[in-house]
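The next block holds one structure in the form of structure tokens; read it before the comments.
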Amino acid sequence: MEDHLPPGLLEACVVLGATSDKLKEAYQVGRHQQEIGAESPVLEAEVLQVHVPPFDSREKAADCAGPAAFSRVQRRRSFIKKKERPAALPGDSCPGGQEATQDISVPKDIDLVGLPQLCFPGGLTFWSEPKEPCFHFLVFTDVLGNQTHGVVLQYCRPVQLFQESSLQQNGHWSKGSRLYTAYGICVISKYPYYTALRDCLSCLLSQLKHCRITDLDQRVKEFSAKLALVPIPPPGDLHVVFNLSPLVIVLPSREDRYHPVVDLDLHLPFLCFQTRELLQIITAILTERRIVFFSGDWARLTLMAECFMLYIHPLRWQHPLVPALSHQMLDFVMAPTAFLMGCHLCHFEEVSAETDDLILINIDDGTVSSSSSELTDLPAVPSYAAESFRTRRRGLQLHYDLEVSQQGGSTSVNELRAQRRHWQQRLNLRIQNIALELIANIFRGVTDHLNFEHRVFNSQEFLKSRDPSDQLFYKEVLQSHIFHSFLKDRLNQKMDAYTRMEQSSHSETQKMKVMIDNLRRPTMKDIVRRSGSSENCVTRRLGTSLPNLREEGHLSILRQTSLIETPLKIRQKHIKQFKLPDFHPHLSYQYVQDYYTDLIGLLGKAISFAPRDDSSLLARYYYLRGVVNAMCGRRLDALSDFQSLNHTDVEIFPAALVRALVDSLQHEEQAQVDRRPELKRLVCRVTSSESGDGTVQPPSDHVRKFEMPKTSLPLEDFVTHVQQSGIVRDVGTIHRLFDALSVGPEKEVDPAVFRMFYTFWKETEAEAQDVHLPAEAIEQLDHSECVHKLSCSVKTSYGVGKIAMTQKRLFLLPDGRRGFVDITKFRDIVEVKTSSAQFLLLRIPSLRIKSSRKKEIFEANLKSECDLWSLMVKEMWAGRKMADDHKDPQHMQQALTNVLLMDTVVGCLPPQKAISAASKLAYYDRMRQEEPTAVPKTTSETLKHRINPSLHLPSQQTVDVLLYTPGMAITGQLGKCDMEGDGNPKLWCALSQGRVVVFDAASWSTKHNCIQVGVLPLRCMLGMDPEQVWVGSQDSTVYIINTRSMSCHKQLTEHRSEVTDLVLEDRHDMYSQTLAYSCSLDGQVIVWDVSTLKMRRQFHLSCDKLTSMQLYNRTLWCCAHDCIMEVRKTGVVQRKICMQQDLTHPPSHFSGFIVYLERDQIWTSCVDSPELCVWHSDNLQKPAQRIELPDSAGVTCMLRVKNQIWVGCRSWSDSQTQAVGKIFVVDVAQAAVEKELLAHTDSVRALCSAEDRYVLSGSACLDGKIAIWKVE
């Protein structure tokens, strides 16, 4: 189990210096050289002492009758280093002069051989005068890239040799004869707590100054033992504080599990370098150059290197990192690979002369240079990112003295330190955000060129999207290991700081672009911006309520812009501190156990007094107490604490440690687990996860670049290559494209044809970026319109000019004059046909278009382009009609994609085959001709809009659950969300495999396209309050989504079967607790306290598959397959409606119910019955009234809205070959069907209401869309 315990603050404490023998040899030489004024001899430093936990002896631990003692010894099996006793401190002699060996178990990641050189990088010698103590910092990196950190204290002591007793006078040394040498104490930790460990060593130094040399070993050991007891705070907003007299030491926590510890002054590089040099250093790191820092102060080297490592977060340096090289290690800079190292400034000329192509960074002078030439080969950071960074830097207040100039002094050292620390933390947070914004600006648009399904990055297309002046920078960065690791994190959809900033910086226009349009064409807004117009083109916010549903706007990709126009959003952190108990004076085994007992008691008090609604703080306390209990061998208490993390923050759940605890349970402990249901559930979960049941597969580690095929492509390979190319994602469209491009009986696409197709597509895309329109045309077109096709100059009935096609209309650009002639909008077209016009003796093919808004017919002599334009206009016309009839903007977008594919196919195939092949892509025109079915008038009038939650997926997914959460229109509430979200209403959509998609219901744009909630289908959702949404899953877990962070950090795991429904009880007054009910398929009902997430009570209903429940007037109504039950809150069944089986028909079961007590009615439906049953609530034995649902094959869901019952059904098409989804609107008063709505092309699976103004319906995977209906 010890292998899985999280590391404490101390890994090892090492004392270094010269041995007694070496001091004896050098002492006489040093005395002589001191007399003649020569330099003192150089000493060889060695490891004198190694202190590693545990510090309590095994014998005492074995004698103790209590649980197993704290031990991390199992993690330190690397090797046993035998040290000769004379290597101890001078004066600490071995009795009898015998050599003794000492077994020293050291952490496996620490190499003691090179440590003396790193701790004395400038060498070790004698001095005639004592030197001031100094600190510097180390970073150790193993072959796997794992880092360990060290803080070194160098302090002087006089050389004391017992053999030179003649120098003593009354037990004291003659001051004039003294020589001094340095000793080093290196504290090594897994975490970069540079400031905290430096402060700890400062406290130790105050003791060493006044202790005798013979007491030093014990003082250092006691110091190490104390640090070994300090636990590391988990990620979050809880810092750990402990008292190490005379200072109070603070261990800051990590921001999240992906973020490193920040315990240093991040503004130091800003004090040493100008903006230009800062950006040059960041560029050198991103392009993986060979970098060497120089300074006359050893401490600055590591601090500067670590600051720049934090600046580039979440990117990670992938190469050797040795910030402080001793003079014996200078040959390391000859390494041929990329590295980041640091040397003393005195070696600057030597290093620059010996090695070429080094980036030399002089920290003391603030300069950046190259060892071979000028820095001309170092590319510049993209200008828009650099300008944003430069602007942000100007707003930083970097000088603490200016901050406190108006404040009075303090008489407490610790108060002064706390005041300085708070200022530094605020400044560090601001610098981190500025650096993160720089990284986000540099790599903005990377995700647009990623294919997540096939894990492909299209680097060539990404490069083409960058400005020409930035090409050199991106070409180098894209080849780096650091960028490759960054791509892996993006493809794994890692929710880190970069992802959060990228999402928060998206404008409404960009969100709508992602929702509708993925074709890279400049809009009129882009053209206006490119031409330097100062017109304000900011997208208007649609408000905090539901939108006015009207014609959609098709938006194309926006060109890159930096964030310098917007203020930098910085989340204000509310830091809490937990103070550890004071250390006992003697840390024997019993005292260690007493210390941990005190620590557990303090954590218990903190949990008791913590606010119940602050689940994040509670989780940190539970985590710390669980770790301490595990150290003390209290396995059951540790498991209980870790079980509580499910209710508070599962993000910090230590899965490996819990698994080790479960595996190490003794027989008696296992028996106690069986008697405690919460622990039994935890153990079952751990056991099932080990067997692989329902676990998430580990993220893939590979990233592929898009490459052209080299062999013929069958259908499956063709689909893969097209999706990887980023041209089309929809599988159906790709199949039609395959039919158009494939030849021969084998039906394969030739690689040369694919290359021509891809090249022509990208050339057309690039040409569209250079479209220049006259001002008259730009004024007439909508801001969202893009020119997708431009003909050659042709003769038309409106004059000679070029015909242009946008996603909305056709217009003419006349030759010889600036102007704009509107031809027609696609929705106004009445007829399109090809004809021929007489020209001298020739008949020239022409295209004739009749519009409902114009009397005259437009005719254009398009010659050889006539057939292609005819296909394209007909397809856009049919797509426009389909989009208008079904209120679905994606139909128009799909038609536009088909048209662009037609144009590309014609461009890459021989003329004799081109039109025939292109016609296979005319999907909507063929549907218009073959199935001219009109949408019923009632459906058309009630339907307002459609959205596609599977837009980012290769195929449609079933919409399992829908949930609408209202916006926060109140000023106070809205202000609460400004930092991490907006106050708009949201639509939550649960798709298959645990994926939740969130829409902004004010614009119907995608807010989050994937919140992963388990891996199995989701069954129910409930909005508890403005900050959390509960989701019931098939895996028997209730997941709780934080609506601010859009992440799932809490779970309720008490159910043992599929969670089928969730309901919320209305609060009777402001002082009553909010209760929620959850039910599962096995009949279990659990009542939860929403504020504490504790189970209040539970009961079990005897029924066949409990599927849903509703709460009315403090009475619970439950629906199972075989009955509808009225249940008291205690679980007692009062009344029941049983399923009446008809022996002449197959058995059926209830699919849903609605309790309508205002009219004393209970409405029920069956999964295979085309009717509703209305029961009288006062007399359930009375026969039910039946309401027929025409052409229905069964009811899937029901919803009450105002005085209507909306019923989702599955029906069959006229051909009886395909399921269709119908919605029946039943008037309650008349008990009759009021409306019959043709909703979807697959069965309706989910219904929800939006403020009783709209009803939203979701369908199964053949349709997979969400329809929005107006309630009358």
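Convention: chains lettered A, B, ... in structure tokens order; per-chain residue numbering from 1; ligands numbered from 1 as shown.
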
Contacts of A:Phe270 at 9 Å (only C-alpha atoms; same-chain gap of 6+ positions) as a list in words: Leu278, Arg393 and Leu398 of chain A

Test item: residues at most 10 Å from A:Thr148, only C-alpha atoms, excluding those fewer than 2 positions along its chain, as an MDAnalysis selection string: chainID A and resid 11 109:110 138:142 145:146 150 188:192

Quick check, in Å to one decimal: how far apart do atom CA of A:Ile1086 and atom CA of A:Arg1159 lie?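 Taking atom CA of A:Ile1086 as the start and atom CA of A:Arg1159 as the end point, the length is 29.3 Å.
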
Nearest residue to A:Ala385 out of A:Asp21, A:Glu437, A:Glu415, A:Asp739, using only C-alpha atoms?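 Of all the options, A:Glu437 lies closest to A:Ala385.
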
d(atom CA of A:Lys573, atom CA of A:Ile600) in Å: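 Result for atom CA of A:Lys573 versus atom CA of A:Ile600: 26.3 Å, one decimal.
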
Shell around A:Gly1208 at 8 Å using only C-alpha atoms, local window under 6 positions removed, as a ChimeraX atom specification: /A:1195-1198,1221-1224,1243-1247

Identify which of the residues A:Pro889, A:Gly907, A:Pro260, A:Gly801 lies closest to A:Thr759, counting only C-alpha atoms when measuring atom-to-atom distances.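 Among A:Pro889, A:Gly907, A:Pro260, A:Gly801, it is A:Gly907 that comes nearest to A:Thr759.
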
Quick one: residues within 9 Å of A:Phe452, only C-alpha atoms counted, chain neighbours fewer than 3 positions away excluded, as a list in words? Arg455, Val456, Phe457, Arg490, Leu491, Asn492, Gln493 and Gln724 of chain A

Residues within 8 Å of A:Leu901, only C-alpha atoms, excluding chain neighbours under 2 positions, as a ChimeraX atom specification: /A:737,761,897-899,903-905,918,921

For A:Leu227, list every protein, DNA or RNA residue within 9 Å, evaluated using only C-alpha atoms, and leave out those in the same chain fewer than 5 positions away; present the list as number ranges by chain. A: 8-10, 200, 222

Write out, as a compact mmCIF listing (two decimals), in the first residue's frame, the residues just selected, with N, CA, C and O atoms.
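File written: selection_16.txt
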```txt
# COMPACT_ATOMS: atom_id res chain seq x y z
N GLY A 8 4.86 12.88 0.63
CA GLY A 8 4.79 14.00 1.53
C GLY A 8 5.69 15.13 1.08
O GLY A 8 6.26 15.11 -0.02
N LEU A 9 5.84 16.11 1.95
CA LEU A 9 6.66 17.27 1.57
C LEU A 9 8.12 16.87 1.40
O LEU A 9 8.80 17.35 0.49
N LEU A 10 8.62 15.97 2.24
CA LEU A 10 10.04 15.62 2.22
C LEU A 10 10.25 14.26 1.59
O LEU A 10 9.64 13.27 1.99
N CYS A 200 11.71 26.92 5.31
CA CYS A 200 11.99 25.85 6.28
C CYS A 200 13.48 25.79 6.60
O CYS A 200 13.88 25.68 7.77
N GLU A 222 15.86 15.80 13.25
CA GLU A 222 14.58 16.27 13.78
C GLU A 222 13.87 17.17 12.78
O GLU A 222 12.65 17.09 12.60
```

For the alpha helix (DSSP H) assignment from backbone DSSP, which residues of stretch 358-528 of chain A qualify? Please present them as a VMD selection string. chain A and resid 383 to 394 400 to 403 413 to 442 459 to 464 471 to 477 481 to 491 497 to 504 508 to 516 524 to 528

Distance criterion (only C-alpha atoms): nearest to A:Phe462 out of A:Ser725, A:Ser608, A:Ser950, A:Thr958: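 Closest residue, counting only C-alpha atoms: A:Ser725.
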
Each stretch 650-727 of chain A residue no farther than 8 Å from stretch 478-488 of chain A, nearest pair in Å, only C-alpha atoms, as a tab-separated table:
```
residue	atom	partner	partner_atom	distance
A:Asp701	CA	A:Lys488	CA	6.4
A:His702	CA	A:Lys488	CA	7.0
A:Val703	CA	A:Lys488	CA	6.4
```

Which one of A:Leu264, A:Ala380, A:Leu450, A:Ala934 sits closest to A:Ser469 if you count only C-alpha atoms?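 Among A:Leu264, A:Ala380, A:Leu450, A:Ala934, it is A:Ala380 that comes nearest to A:Ser469.
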
Write out as an MDAnalysis selection string the residues lying within 12 Å of stretch 1152-1158 of chain A, counting only C-alpha atoms and excluding same-chain residues fewer than 5 positions away. chainID A and resid 1060:1061 1106:1113 1115:1126 1137 1163:1169 1172:1178 1194:1209 1228:1229 1246

Do you have the atom CA of A:Ile213-atom CA of A:Cys156 distance handy? 11.9 Å

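Here the question is which of A:Asp594, A:Asp750, A:Asp364, A:Asp925 gets nearest to A:Glu875 using only C-alpha atoms, and that residue is A:Asp925.
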